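Q: Below is structure29.cif; it holds mmCIF, C-alpha atoms and all ligand atoms.
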data_structure
loop_
_atom_site.label_atom_id
_atom_site.label_comp_id
_atom_site.auth_asym_id
_atom_site.auth_seq_id
_atom_site.Cartn_x
_atom_site.Cartn_y
_atom_site.Cartn_z
CA THR A 1 0.00 0.00 0.00
CA ASN A 2 0.99 3.56 -0.60
CA PRO A 3 1.60 5.11 2.83
CA VAL A 4 0.03 8.45 3.69
CA PHE A 5 2.16 11.12 5.38
CA THR A 6 0.84 11.36 8.92
CA GLY A 7 3.33 13.86 10.28
CA LEU A 8 0.97 16.83 10.40
CA PRO A 9 -0.79 17.08 13.77
CA THR A 10 -4.28 18.48 14.39
CA THR A 11 -3.87 22.05 15.63
CA VAL A 12 -4.63 22.75 19.25
CA PHE A 13 -7.07 25.47 18.14
CA GLU A 14 -9.14 22.97 16.18
CA THR A 15 -9.09 20.49 19.06
CA MET A 16 -10.06 23.02 21.71
CA SER A 17 -12.74 24.72 19.63
CA ARG A 18 -14.34 21.33 18.92
CA LEU A 19 -14.27 20.46 22.63
CA ALA A 20 -15.70 23.89 23.45
CA VAL A 21 -18.67 23.26 21.14
CA ALA A 22 -19.17 19.71 22.44
CA HIS A 23 -19.26 20.92 26.06
CA GLN A 24 -21.08 24.21 25.41
CA ALA A 25 -18.10 25.89 26.96
CA VAL A 26 -17.11 29.54 26.94
CA ASN A 27 -14.39 29.40 24.30
CA LEU A 28 -11.31 31.26 25.50
CA GLY A 29 -9.10 28.89 23.51
CA GLN A 30 -8.75 29.82 19.86
CA GLY A 31 -7.95 33.51 19.41
CA PHE A 32 -10.83 35.37 17.78
CA PRO A 33 -13.02 38.29 18.88
CA ASP A 34 -16.69 37.48 19.53
CA VAL A 35 -17.85 40.76 18.01
CA ASP A 36 -17.27 41.55 14.34
CA GLY A 37 -15.06 44.41 13.24
CA PRO A 38 -16.22 47.85 12.01
CA LEU A 39 -19.61 47.96 10.24
CA ASP A 40 -18.40 50.41 7.60
CA ILE A 41 -15.69 47.97 6.52
CA ARG A 42 -18.17 45.10 6.37
CA LYS A 43 -20.70 47.23 4.43
CA LEU A 44 -18.05 48.12 1.92
CA ALA A 45 -17.20 44.43 1.46
CA ALA A 46 -20.90 43.62 0.99
CA LYS A 47 -21.35 46.38 -1.58
CA ALA A 48 -18.23 45.34 -3.47
CA LEU A 49 -19.54 41.78 -3.51
CA ILE A 50 -22.84 42.90 -5.08
CA ASP A 51 -21.34 45.46 -7.45
CA GLY A 52 -18.42 43.25 -8.52
CA PRO A 53 -16.25 42.48 -10.31
CA ASN A 54 -15.93 39.13 -8.59
CA GLN A 55 -13.33 37.61 -10.90
CA TYR A 56 -9.66 36.98 -10.14
CA PRO A 57 -8.10 40.21 -8.96
CA PRO A 58 -4.45 40.96 -9.83
CA MET A 59 -2.17 38.21 -8.51
CA LEU A 60 -0.21 40.58 -6.25
CA GLY A 61 -3.40 42.07 -4.83
CA LEU A 62 -5.70 44.96 -5.75
CA PRO A 63 -3.63 48.10 -6.40
CA GLU A 64 -5.70 50.03 -3.85
CA LEU A 65 -4.88 47.52 -1.10
CA ARG A 66 -1.19 47.38 -1.99
CA GLN A 67 -1.16 51.19 -1.94
CA ALA A 68 -2.92 51.19 1.43
CA VAL A 69 -0.41 48.70 2.87
CA ALA A 70 2.49 50.84 1.61
CA ALA A 71 0.87 53.96 3.06
CA ALA A 72 0.35 52.23 6.43
CA ASN A 73 4.03 51.25 6.52
CA LYS A 74 4.94 54.92 6.03
CA ARG A 75 2.33 56.23 8.46
CA PHE A 76 3.04 53.89 11.36
CA TYR A 77 6.76 53.14 10.96
CA GLY A 78 8.24 55.64 8.51
CA LEU A 79 9.06 52.80 6.10
CA ASP A 80 9.24 53.63 2.40
CA VAL A 81 7.55 50.86 0.47
CA ASP A 82 6.99 50.75 -3.29
CA TRP A 83 3.46 49.37 -3.60
CA GLN A 84 4.12 47.94 -7.06
CA THR A 85 7.13 45.77 -6.21
CA GLN A 86 7.25 45.46 -2.44
CA VAL A 87 3.79 44.24 -1.37
CA VAL A 88 1.89 41.03 -1.95
CA VAL A 89 -1.62 40.37 -0.64
CA THR A 90 -2.31 36.88 0.68
CA SER A 91 -5.20 34.87 2.08
CA GLY A 92 -4.30 35.56 5.68
CA ALA A 93 -0.99 35.67 7.49
CA THR A 94 -1.01 31.87 7.42
CA GLU A 95 -0.70 31.90 3.65
CA ALA A 96 1.88 34.68 3.89
CA LEU A 97 3.99 32.51 6.20
CA THR A 98 3.61 29.55 3.84
CA ASP A 99 4.64 31.63 0.83
CA CYS A 100 7.66 33.11 2.63
CA ILE A 101 8.86 29.70 3.79
CA LEU A 102 8.31 28.05 0.39
CA ALA A 103 10.11 30.92 -1.32
CA LEU A 104 13.05 31.45 1.00
CA ILE A 105 13.81 28.04 2.49
CA GLU A 106 15.43 25.19 0.62
CA PRO A 107 15.99 21.65 1.90
CA GLY A 108 18.82 21.61 4.43
CA ASP A 109 18.57 25.30 5.32
CA GLU A 110 18.52 26.05 9.03
CA VAL A 111 15.70 28.25 10.29
CA ILE A 112 15.85 29.78 13.75
CA LEU A 113 12.51 29.68 15.59
CA VAL A 114 11.80 31.20 18.98
CA GLU A 115 10.02 28.77 21.28
CA PRO A 116 7.24 28.82 22.45
CA LEU A 117 6.24 29.15 18.81
CA TYR A 118 3.04 29.74 16.91
CA ASP A 119 1.69 26.39 15.87
CA CYS A 120 2.13 26.47 12.08
CA TYR A 121 5.83 27.43 12.06
CA LEU A 122 7.33 24.04 12.73
CA PRO A 123 5.20 21.96 10.33
CA LEU A 124 5.73 24.50 7.54
CA VAL A 125 9.49 24.73 7.99
CA LYS A 126 9.82 20.95 8.17
CA ARG A 127 7.64 20.29 5.10
CA ALA A 128 9.79 22.76 3.17
CA GLY A 129 12.81 20.64 4.11
CA GLY A 130 14.18 23.28 6.47
CA ILE A 131 15.97 22.35 9.67
CA PRO A 132 14.37 24.07 12.66
CA VAL A 133 16.80 25.47 15.23
CA ARG A 134 14.78 26.26 18.32
CA LEU A 135 15.69 29.00 20.72
CA ARG A 136 13.78 29.16 23.98
CA VAL A 137 12.58 32.20 25.85
CA SER A 138 11.61 31.56 29.45
CA PRO A 139 8.86 32.89 31.68
CA PRO A 140 7.96 35.15 33.34
CA ALA A 141 9.64 37.80 31.15
CA TRP A 142 10.29 35.55 28.12
CA LYS A 143 13.58 37.40 27.63
CA LEU A 144 15.75 36.49 24.70
CA ASP A 145 19.12 35.10 25.84
CA LEU A 146 21.48 37.04 23.58
CA VAL A 147 24.32 34.53 23.99
CA ALA A 148 22.06 31.64 23.00
CA LEU A 149 20.73 33.75 20.14
CA ALA A 150 24.22 34.36 18.78
CA SER A 151 25.10 30.68 18.96
CA ALA A 152 21.93 29.69 17.10
CA PHE A 153 23.33 31.37 13.98
CA THR A 154 25.57 29.05 11.94
CA GLU A 155 26.91 29.04 8.40
CA ASN A 156 23.80 27.07 7.40
CA THR A 157 21.30 29.56 8.83
CA LYS A 158 19.05 30.86 6.09
CA ALA A 159 16.38 32.68 8.07
CA ILE A 160 15.02 33.55 11.47
CA LEU A 161 11.28 33.59 12.02
CA ILE A 162 10.24 36.13 14.62
CA ASN A 163 6.73 36.64 15.96
CA ASN A 164 6.56 40.12 17.43
CA PRO A 165 4.34 40.82 19.34
CA MET A 166 4.47 37.19 20.31
CA ASN A 167 1.75 34.57 20.61
CA PRO A 168 1.27 32.93 23.17
CA THR A 169 3.60 34.87 25.49
CA ALA A 170 2.07 38.33 24.83
CA LYS A 171 5.65 39.60 24.79
CA VAL A 172 6.88 42.60 22.79
CA PHE A 173 10.56 42.24 21.91
CA ASN A 174 12.56 45.17 23.25
CA GLU A 175 15.00 47.36 21.32
CA THR A 176 18.06 45.50 22.62
CA GLU A 177 16.69 42.14 21.52
CA LEU A 178 15.64 43.43 18.11
CA ALA A 179 18.97 45.19 17.56
CA ALA A 180 20.81 41.96 18.43
CA ILE A 181 18.69 39.96 15.97
CA ALA A 182 19.23 42.58 13.26
CA SER A 183 22.98 42.71 13.68
CA LEU A 184 23.29 38.90 13.65
CA CYS A 185 21.16 38.73 10.49
CA VAL A 186 23.49 41.25 8.82
CA GLN A 187 26.63 39.55 10.11
CA HIS A 188 25.55 36.08 8.92
CA ASP A 189 23.62 37.18 5.82
CA VAL A 190 20.34 35.76 7.11
CA PHE A 191 16.72 36.62 6.18
CA ALA A 192 14.17 37.58 8.82
CA ILE A 193 10.56 36.53 8.39
CA CYS A 194 8.63 38.78 10.75
CA ASP A 195 5.14 37.69 11.77
CA GLU A 196 3.72 40.99 13.01
CA VAL A 197 0.00 40.17 12.93
CA TYR A 198 -0.46 41.75 16.39
CA GLU A 199 1.30 45.00 15.39
CA HIS A 200 -1.71 47.13 16.37
CA LEU A 201 -2.69 45.15 19.46
CA VAL A 202 0.02 46.58 21.70
CA PHE A 203 -0.96 48.07 25.07
CA ASP A 204 -0.02 50.70 27.65
CA GLY A 205 1.24 53.28 25.18
CA VAL A 206 4.08 51.10 23.91
CA ALA A 207 4.64 51.42 20.16
CA HIS A 208 5.37 48.42 17.98
CA ARG A 209 8.71 48.68 16.20
CA PRO A 210 9.21 46.40 13.19
CA LEU A 211 12.56 44.62 12.86
CA MET A 212 12.57 46.04 9.34
CA THR A 213 13.29 49.51 10.74
CA PHE A 214 16.70 48.43 12.09
CA ASP A 215 19.95 49.09 10.22
CA GLY A 216 20.63 46.73 7.36
CA MET A 217 17.24 45.01 7.62
CA ASP A 218 15.30 46.64 4.79
CA ASP A 219 16.67 44.28 2.15
CA ARG A 220 16.71 41.08 4.23
CA CYS A 221 13.44 41.33 6.13
CA VAL A 222 9.86 40.51 5.21
CA ARG A 223 7.01 41.76 7.37
CA ILE A 224 3.67 40.00 7.61
CA GLY A 225 0.41 41.67 8.67
CA SER A 226 -3.16 40.43 9.04
CA ALA A 227 -6.40 42.31 8.48
CA GLY A 228 -8.05 39.61 10.58
CA LYS A 229 -6.30 40.97 13.67
CA THR A 230 -6.20 44.66 12.77
CA PHE A 231 -9.94 44.80 12.02
CA SER A 232 -11.31 42.01 14.23
CA LEU A 233 -12.37 40.06 11.15
CA THR A 234 -10.40 36.85 11.60
CA GLY A 235 -12.61 34.84 9.23
CA TRP A 236 -11.75 37.07 6.30
CA LYS A 237 -8.22 35.78 5.98
CA VAL A 238 -6.65 38.79 4.32
CA GLY A 239 -2.93 39.19 4.96
CA TYR A 240 -0.06 41.08 3.40
CA VAL A 241 3.69 40.75 3.09
CA THR A 242 6.00 43.72 2.70
CA GLY A 243 9.67 43.49 1.86
CA SER A 244 12.33 44.40 -0.60
CA ALA A 245 11.51 43.62 -4.23
CA HIS A 246 14.10 40.83 -4.56
CA LEU A 247 12.35 38.94 -1.72
CA ILE A 248 8.75 39.80 -2.63
CA ASP A 249 9.35 38.51 -6.17
CA PRO A 250 9.96 34.85 -5.16
CA ILE A 251 7.34 35.11 -2.39
CA ALA A 252 4.78 36.26 -4.97
CA LYS A 253 5.79 33.31 -7.15
CA ALA A 254 5.01 30.96 -4.26
CA HIS A 255 1.69 32.81 -3.74
CA GLN A 256 0.84 32.08 -7.41
CA TYR A 257 0.83 28.38 -6.66
CA VAL A 258 -0.68 28.42 -3.18
CA THR A 259 -3.82 30.52 -3.73
CA PHE A 260 -3.00 32.92 -6.60
CA THR A 261 -5.44 35.56 -5.30
CA THR A 262 -7.58 36.67 -2.36
CA PRO A 263 -11.30 37.66 -2.60
CA PRO A 264 -11.48 41.12 -4.24
CA ASN A 265 -14.35 42.51 -2.18
CA LEU A 266 -12.48 41.79 1.05
CA GLN A 267 -9.34 43.39 -0.34
CA LYS A 268 -11.29 46.51 -1.23
CA ALA A 269 -12.78 46.77 2.25
CA VAL A 270 -9.43 46.19 3.97
CA ALA A 271 -7.85 48.92 1.80
CA PHE A 272 -10.46 51.30 3.19
CA GLY A 273 -9.94 50.02 6.74
CA LEU A 274 -6.20 50.62 6.74
CA GLY A 275 -6.88 54.31 6.20
CA LYS A 276 -8.92 54.62 9.41
CA ASP A 277 -7.99 57.48 11.70
CA ASP A 278 -5.73 57.25 14.73
CA ALA A 279 -8.75 57.04 17.04
CA TYR A 280 -9.68 53.67 15.50
CA TYR A 281 -6.27 52.18 16.23
CA GLU A 282 -6.16 53.72 19.73
CA ASP A 283 -9.62 52.36 20.58
CA LEU A 284 -8.69 48.92 19.28
CA SER A 285 -5.76 48.57 21.66
CA GLY A 286 -7.41 50.52 24.49
CA ASP A 287 -10.51 48.32 24.46
CA LEU A 288 -8.40 45.17 24.42
CA ALA A 289 -6.19 46.42 27.26
CA ALA A 290 -9.32 46.97 29.38
CA LYS A 291 -10.38 43.37 28.68
CA ARG A 292 -6.91 42.15 29.55
CA ASP A 293 -7.14 43.97 32.89
CA ARG A 294 -10.63 42.62 33.61
CA MET A 295 -9.58 39.06 32.89
CA ALA A 296 -6.23 39.35 34.66
CA ALA A 297 -7.87 40.67 37.82
CA GLY A 298 -10.45 37.87 37.80
CA LEU A 299 -7.90 35.13 37.16
CA THR A 300 -5.52 36.47 39.79
CA HIS A 301 -8.38 36.50 42.30
CA LEU A 302 -8.96 32.81 41.53
CA GLY A 303 -5.32 31.96 42.18
CA PHE A 304 -3.92 31.83 38.66
CA GLY A 305 -0.40 33.23 38.29
CA VAL A 306 -1.12 35.74 35.54
CA LEU A 307 2.00 36.71 33.59
CA PRO A 308 2.56 40.22 32.20
CA CYS A 309 0.76 40.85 28.91
CA ALA A 310 2.04 43.67 26.71
CA ALA A 311 0.14 42.82 23.54
CA THR A 312 -2.00 40.30 21.57
CA TYR A 313 -5.28 38.63 22.52
CA PHE A 314 -3.76 36.35 25.13
CA LEU A 315 -3.07 35.99 28.84
CA THR A 316 -0.69 33.26 29.89
CA CYS A 317 -1.21 31.92 33.40
CA ASP A 318 0.82 29.77 35.76
CA ILE A 319 -1.39 26.91 36.93
CA THR A 320 0.99 25.28 39.39
CA GLY A 321 -0.30 25.21 42.90
CA LEU A 322 -3.94 25.15 41.83
CA GLY A 323 -4.01 21.35 41.76
CA LEU A 324 -6.19 21.25 38.67
CA GLY A 325 -4.45 18.38 36.86
CA ASP A 326 -1.16 16.65 36.20
CA THR A 327 -0.28 18.36 32.92
CA ASP A 328 -1.35 21.56 31.18
CA VAL A 329 -3.25 19.42 28.66
CA ASP A 330 -4.99 17.67 31.52
CA VAL A 331 -5.96 20.96 33.11
CA CYS A 332 -7.39 22.29 29.83
CA ARG A 333 -9.30 19.06 29.20
CA ARG A 334 -10.79 19.04 32.69
CA MET A 335 -11.51 22.75 32.51
CA VAL A 336 -13.54 22.43 29.31
CA GLU A 337 -15.36 19.30 30.47
CA GLU A 338 -16.01 20.18 34.10
CA ALA A 339 -15.99 23.98 34.25
CA GLY A 340 -17.22 24.69 30.72
CA VAL A 341 -14.33 27.01 29.88
CA ALA A 342 -11.90 26.34 27.05
CA ALA A 343 -8.26 27.51 27.21
CA VAL A 344 -5.12 26.29 25.43
CA PRO A 345 -2.22 24.38 27.02
CA VAL A 346 1.03 26.23 26.38
CA SER A 347 2.81 22.93 25.68
CA ALA A 348 1.05 23.09 22.29
CA PHE A 349 3.50 25.86 21.39
CA TYR A 350 6.57 23.70 21.96
CA ALA A 351 8.03 20.88 19.91
CA GLY A 352 7.54 17.73 21.93
CA GLU A 353 7.08 19.24 25.40
CA ALA A 354 4.76 16.98 27.43
CA SER A 355 3.62 19.74 29.74
CA THR A 356 4.33 23.28 30.91
CA ASP A 357 3.22 25.23 33.97
CA PHE A 358 1.07 27.47 31.77
CA ILE A 359 -2.24 27.74 29.99
CA ARG A 360 -3.37 30.51 27.63
CA PHE A 361 -6.69 32.37 27.87
CA CYS A 362 -7.99 34.51 25.00
CA PHE A 363 -9.53 37.74 26.32
CA CYS A 364 -10.87 39.43 23.14
CA LYS A 365 -14.45 38.68 24.19
CA GLN A 366 -17.41 40.72 25.39
CA ASP A 367 -17.18 41.65 29.07
CA HIS A 368 -20.19 39.50 30.01
CA VAL A 369 -18.54 36.51 28.33
CA LEU A 370 -15.32 37.04 30.28
CA ASP A 371 -17.37 37.42 33.49
CA GLU A 372 -19.28 34.21 32.73
CA ALA A 373 -16.00 32.35 32.21
CA LEU A 374 -14.65 33.72 35.50
CA ASP A 375 -17.88 32.72 37.31
CA ARG A 376 -17.66 29.20 35.93
CA LEU A 377 -14.01 28.91 36.90
CA GLY A 378 -14.82 30.26 40.37
CA ARG A 379 -17.48 27.59 40.88
CA TRP A 380 -15.09 24.90 39.65
CA ILE A 381 -11.87 25.71 41.45
N1 LIG B 401 0.58 34.33 13.20
C1 LIG B 401 0.23 34.38 14.48
C2 LIG B 401 1.26 34.61 15.53
C3 LIG B 401 -1.09 34.20 14.86
O1 LIG B 401 -1.44 34.21 16.13
C4 LIG B 401 -2.04 33.96 13.85
C5 LIG B 401 -3.43 33.68 14.32
N2 LIG B 401 -4.40 34.05 13.69
C6 LIG B 401 -1.63 33.94 12.51
C7 LIG B 401 -0.30 34.11 12.23
C8 LIG B 401 -2.54 33.68 11.37
O2 LIG B 401 -3.20 34.83 10.91
P1 LIG B 401 -4.32 34.76 9.78
O3 LIG B 401 -5.60 34.44 10.47
O4 LIG B 401 -4.32 36.11 9.15
O5 LIG B 401 -3.95 33.68 8.83
N1 LIG B 402 -4.03 32.55 15.94
C1 LIG B 402 -5.12 31.97 16.66
C2 LIG B 402 -4.66 31.58 18.05
O1 LIG B 402 -3.51 31.64 18.39
C3 LIG B 402 -5.69 30.76 16.00
C4 LIG B 402 -5.79 30.73 14.54
C5 LIG B 402 -6.10 29.34 14.08
O2 LIG B 402 -7.04 28.74 14.57
N2 LIG B 402 -5.30 28.80 13.22
O3 LIG B 402 -5.50 31.22 18.82
#
Starting from the coordinates I provided, produce the structure as structure tokens.

A:
Amino acid sequence: TNPVFTGLPTTVFETMSRLAVAHQAVNLGQGFPDVDGPLDIRKLAAKALIDGPNQYPPMLGLPELRQAVAAANKRFYGLDVDWQTQVVVTSGATEALTDCILALIEPGDEVILVEPLYDCYLPLVKRAGGIPVRLRVSPPAWKLDLVALASAFTENTKAILINNPMNPTAKVFNETELAAIASLCVQHDVFAICDEVYEHLVFDGVAHRPLMTFDGMDDRCVRIGSAGKTFSLTGWKVGYVTGSAHLIDPIAKAHQYVTFTTPPNLQKAVAFGLGKDDAYYEDLSGDLAAKRDRMAAGLTHLGFGVLPCAATYFLTCDITGLGLGDTDVDVCRRMVEEAGVAAVPVSAFYAGEASTDFIRFCFCKQDHVLDEALDRLGRWI
């Protein structure tokens, strides 16, 4: 018989969301808001769907969206981006990551990944034939060990994949860490694939700084964004990659064979959304920060060891001492079955780690939903 490749696991988000439905649980597992993004953006998408055209848009993306992405790079980070050669629109950041890895990684190339890592990185790098080199950051601060970082770079290193702000740790890499990454990339002639989907979900007045803004990075760095996160429309799956033309060219070639294009009405609406005023972006992060604080206070009161959260949708909590189960997977399973609250075990973000002391709660939910989850947990613990 012809064997089937069975090396791809089921993602933890799929598993937990299924369990959440089966147990009618409050789903604080998979990261998605429970309220849809701005009505004007959705209306524009609906109108564009009715008015058309609904045929294949340009392979690189609608000009108006590529122009809007370039303008956003200038507006938020002072980056000069040529919309015609330096932007490609993808079906979500997931496709963008796939395209970047297929385009830039060849069999035998080493790719540095920071662990805990977002779930699709490892399978994608491995299926491309890349050799993952994992570099751990440790709680509570998840600081990058600069000595370990330097020794992860070898003559076979092709790229480093950095998620900043970082899921699941809710960490924002500081200037020292980013400068060290940038200088090592320059020194070793390495590409940086920057997953910056949470670029606008940064709290407490801290500004996101792309790795691309560091010296020597503009021609070796690609930056990935997601309209799903920026406009609370995760189901739309509209992403974009920005980078120098000699990198975007092969990435766009990979995009040709992965999806070729992304729905034109959604692109049109996202182009409009990116032009929203500063108040939109401030409210987005301000509202989320308030939810973070609400959830953190409630979880702390229940005895969870809530770690600092500077960005993203996620709170990571220490569960040791609560006696809720033997492993983080155990705790999450019992929590969904017995308490009716779904979370995600942080071991899912490691390669082959049986358990960690942490679970991840998603807090981008309506206040009454967060309160209901806290009530349920309070009755259970
Ligand atoms: N990268 C990270 C770090 C994420 O958390 C997510 C989750 N949505 C993605 C990429 C994928 O984004 P998209 O939904 O736009 O594919
Ligand atoms: N990024 C989301 C999370 O971390 C999940 C997206 C997905 O389900 N693939 O929860």

Q: Once you add 3 Å to each side, what are the centre and edge lengths of the axis-aligned box holding all listed atoms of ligand LIG 401 (chain B)? One decimal in Å, as JSON, if you can.

A:
{"center_x": -2.2, "center_y": 34.9, "center_z": 12.5, "size_x": 12.9, "size_y": 8.4, "size_z": 13.3}

Q: Using all atoms listed in the file, can you tell me which of A:Cys120, A:Met212, A:Ala254, A:Ala103 comes closest to ligand LIG 402 (chain B)?

A: A:Cys120

Q: Please, what distance in Å, to one decimal, runs between atom CA of A:Glu199 and atom CA of A:Lys126?

A: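 For atom CA of A:Glu199 relative to atom CA of A:Lys126, the distance reads 26.5 Å.
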
Q: I need the residue nearest ligand LIG 401 (chain B) from this list: A:Leu374, A:Val26, A:Leu161, A:Val369. Use all atoms listed in the file for the distance.

A: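 For ligand LIG 401 (chain B), the nearest of the candidates is A:Leu161.
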
Q: Given a cut-off of 8 Å, what residues near ligand LIG 402 (chain B) show up using all atoms listed in the file, put as a PDB file with C-alpha atoms, in the frame of the given file?

A:
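Writing done, so here's part.pdb:
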ATOM      1  CA  THR A  11      -3.870  22.050  15.630  1.00  0.00           C
ATOM      2  CA  VAL A  12      -4.630  22.750  19.250  1.00  0.00           C
ATOM      3  CA  PHE A  13      -7.070  25.470  18.140  1.00  0.00           C
ATOM      4  CA  GLU A  14      -9.140  22.970  16.180  1.00  0.00           C
ATOM      5  CA  GLY A  29      -9.100  28.890  23.510  1.00  0.00           C
ATOM      6  CA  GLN A  30      -8.750  29.820  19.860  1.00  0.00           C
ATOM      7  CA  GLY A  31      -7.950  33.510  19.410  1.00  0.00           C
ATOM      8  CA  PHE A  32     -10.830  35.370  17.780  1.00  0.00           C
ATOM      9  CA  THR A  94      -1.010  31.870   7.420  1.00  0.00           C
ATOM     10  CA  TYR A 118       3.040  29.740  16.910  1.00  0.00           C
ATOM     11  CA  ASP A 119       1.690  26.390  15.870  1.00  0.00           C
ATOM     12  CA  CYS A 120       2.130  26.470  12.080  1.00  0.00           C
ATOM     13  CA  ASN A 167       1.750  34.570  20.610  1.00  0.00           C
ATOM     14  CA  PRO A 168       1.270  32.930  23.170  1.00  0.00           C
ATOM     15  CA  CYS A 362      -7.990  34.510  25.000  1.00  0.00           C
TER      16      CYS A 362
END

Q: Please provide as a list in words all residues within 12 Å of A:Ala207, with the sequence filter that same-chain residues fewer than 3 positions apart are discarded (counting all atoms listed in the file).

A: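 Using all atoms listed in the file, the neighbours found are Phe76, Tyr77, Asn164, Pro165, Val172, Phe173, Asn174, Glu175, Tyr198, Glu199, His200, Leu201, Val202, Phe203, Asp204, Pro210, Tyr281, Glu282, Ser285, Ala310 and Ala311 of chain A.
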
Q: Find the residues around A:Val111 up to 10 Å (all atoms listed in the file counted), leave out those fewer than 5 positions away in its own chain, and share them as a count of residues only.

A: 22

Q: Give as a PyMOL selection string the residues surrounding ligand LIG 401 (chain B) up to a distance of 9 Å, considering all atoms listed in the file.

A: chain A and resi 30-32+90-97+117-121+163-168+195-198+224-229+233-240+312-313

Q: Rounded to one decimal place, report the atom CA of A:Ile381-atom CA of A:Cys317 distance in Å.

A: 14.7 Å

Q: Distance cut-off 8 Å, centre (5.6, 23.6, 31.4) in file coordinates, counting all atoms listed in the file: which residues qualify? Return them as a list of chain:residue names.

A: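 Returned residue set, sorted by chain then number, is A:Asp328, A:Val346, A:Ser347, A:Glu353, A:Ala354, A:Ser355, A:Thr356, A:Asp357, A:Phe358.
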
Q: For the selection you just gave me, I'd like the residues written to a file as an mmCIF file, in the frame of the given file, keeping C-alpha atoms.

A:
data_model
loop_
_atom_site.group_PDB
_atom_site.id
_atom_site.type_symbol
_atom_site.label_atom_id
_atom_site.label_comp_id
_atom_site.auth_asym_id
_atom_site.auth_seq_id
_atom_site.Cartn_x
_atom_site.Cartn_y
_atom_site.Cartn_z
ATOM 1 C CA ASP A 328 -1.350 21.560 31.180
ATOM 2 C CA VAL A 346 1.030 26.230 26.380
ATOM 3 C CA SER A 347 2.810 22.930 25.680
ATOM 4 C CA GLU A 353 7.080 19.240 25.400
ATOM 5 C CA ALA A 354 4.760 16.980 27.430
ATOM 6 C CA SER A 355 3.620 19.740 29.740
ATOM 7 C CA THR A 356 4.330 23.280 30.910
ATOM 8 C CA ASP A 357 3.220 25.230 33.970
ATOM 9 C CA PHE A 358 1.070 27.470 31.770
#

Q: Quick one: everything within 9 Å of A:Gln366, counting only C-alpha atoms, minus sequence neighbours fewer than 4 positions away in the same chain. Send it as a list of chain:residue names.

A: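 Once the nearby chain positions are removed, what remains is A:Pro33, A:Asp34, A:Val35, A:Lys291, A:Leu370, A:Asp371.
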
Q: Name all residues at most 9 Å from A:Ala182 (count all atoms listed in the file; drop same-chain ones fewer than 2 positions away) and give them as a list in words.

A: Glu177, Leu178, Ala179, Ala180, Leu184, Cys185, Val186, Gln187, Ala192, Leu211, Met212, Phe214, Asp215, Gly216 and Met217 of chain A

Q: Excluding A:Tyr257 and any residue of its chain fewer than 4 positions from it, enumerate the residues within 12 Å of it, using only C-alpha atoms, and give them as a list of chain:residue names.

A: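 So, after excluding close chain neighbours, the residues are A:Met59, A:Thr90, A:Glu95, A:Thr98, A:Asp99, A:Leu102, A:Ala103, A:Pro250, A:Ile251, A:Ala252, A:Lys253, A:Thr261.
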
Q: Would you compute the distance between atom CA of A:Ala170 and atom CA of A:Met295? Give it in Å to one decimal.

A: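 Pair atom CA of A:Ala170 / atom CA of A:Met295 returns 14.2 Å.
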
Q: Using all atoms listed in the file, can you tell me which of A:Val329, A:Ala128, A:Val88, A:Leu149 comes closest to A:Phe349?

A: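 Counting all atoms listed in the file, the residue closest to A:Phe349 is A:Val329.
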
Q: From the list A:Ile319, A:Ala71, A:Ala373, A:Cys332, which residue is nearest A:Ala348 when using all atoms listed in the file?

A: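 Checking each of A:Ile319, A:Ala71, A:Ala373, A:Cys332 against A:Ala348, counting all atoms listed in the file, the winner is A:Cys332.
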
Q: When distances are computed from all atoms listed in the file, which of A:Leu247, A:Pro139, A:Ala148, A:Gln267 shows the smallest separation from A:Asp318?

A: A:Pro139

Q: Taking the point (-0.5, 34.8, 36.4) as given in the file, collect each protein or nucleic acid residue that comes within 12 Å of it, counting all atoms listed in the file, and present the set as a compact mmCIF listing (two decimals) with C-alpha atoms, in the coordinates of the input.

A:
# COMPACT_ATOMS: atom_id res chain seq x y z
CA PRO A 139 8.86 32.89 31.68
CA PRO A 140 7.96 35.15 33.34
CA ALA A 141 9.64 37.80 31.15
CA THR A 169 3.60 34.87 25.49
CA ARG A 292 -6.91 42.15 29.55
CA ASP A 293 -7.14 43.97 32.89
CA MET A 295 -9.58 39.06 32.89
CA ALA A 296 -6.23 39.35 34.66
CA ALA A 297 -7.87 40.67 37.82
CA GLY A 298 -10.45 37.87 37.80
CA LEU A 299 -7.90 35.13 37.16
CA THR A 300 -5.52 36.47 39.79
CA HIS A 301 -8.38 36.50 42.30
CA LEU A 302 -8.96 32.81 41.53
CA GLY A 303 -5.32 31.96 42.18
CA PHE A 304 -3.92 31.83 38.66
CA GLY A 305 -0.40 33.23 38.29
CA VAL A 306 -1.12 35.74 35.54
CA LEU A 307 2.00 36.71 33.59
CA PRO A 308 2.56 40.22 32.20
CA CYS A 309 0.76 40.85 28.91
CA PHE A 314 -3.76 36.35 25.13
CA LEU A 315 -3.07 35.99 28.84
CA THR A 316 -0.69 33.26 29.89
CA CYS A 317 -1.21 31.92 33.40
CA ASP A 318 0.82 29.77 35.76
CA ILE A 319 -1.39 26.91 36.93
CA THR A 320 0.99 25.28 39.39
CA GLY A 321 -0.30 25.21 42.90
CA LEU A 322 -3.94 25.15 41.83
CA ASP A 357 3.22 25.23 33.97
CA PHE A 358 1.07 27.47 31.77
CA ILE A 359 -2.24 27.74 29.99
CA ARG A 360 -3.37 30.51 27.63
CA PHE A 361 -6.69 32.37 27.87
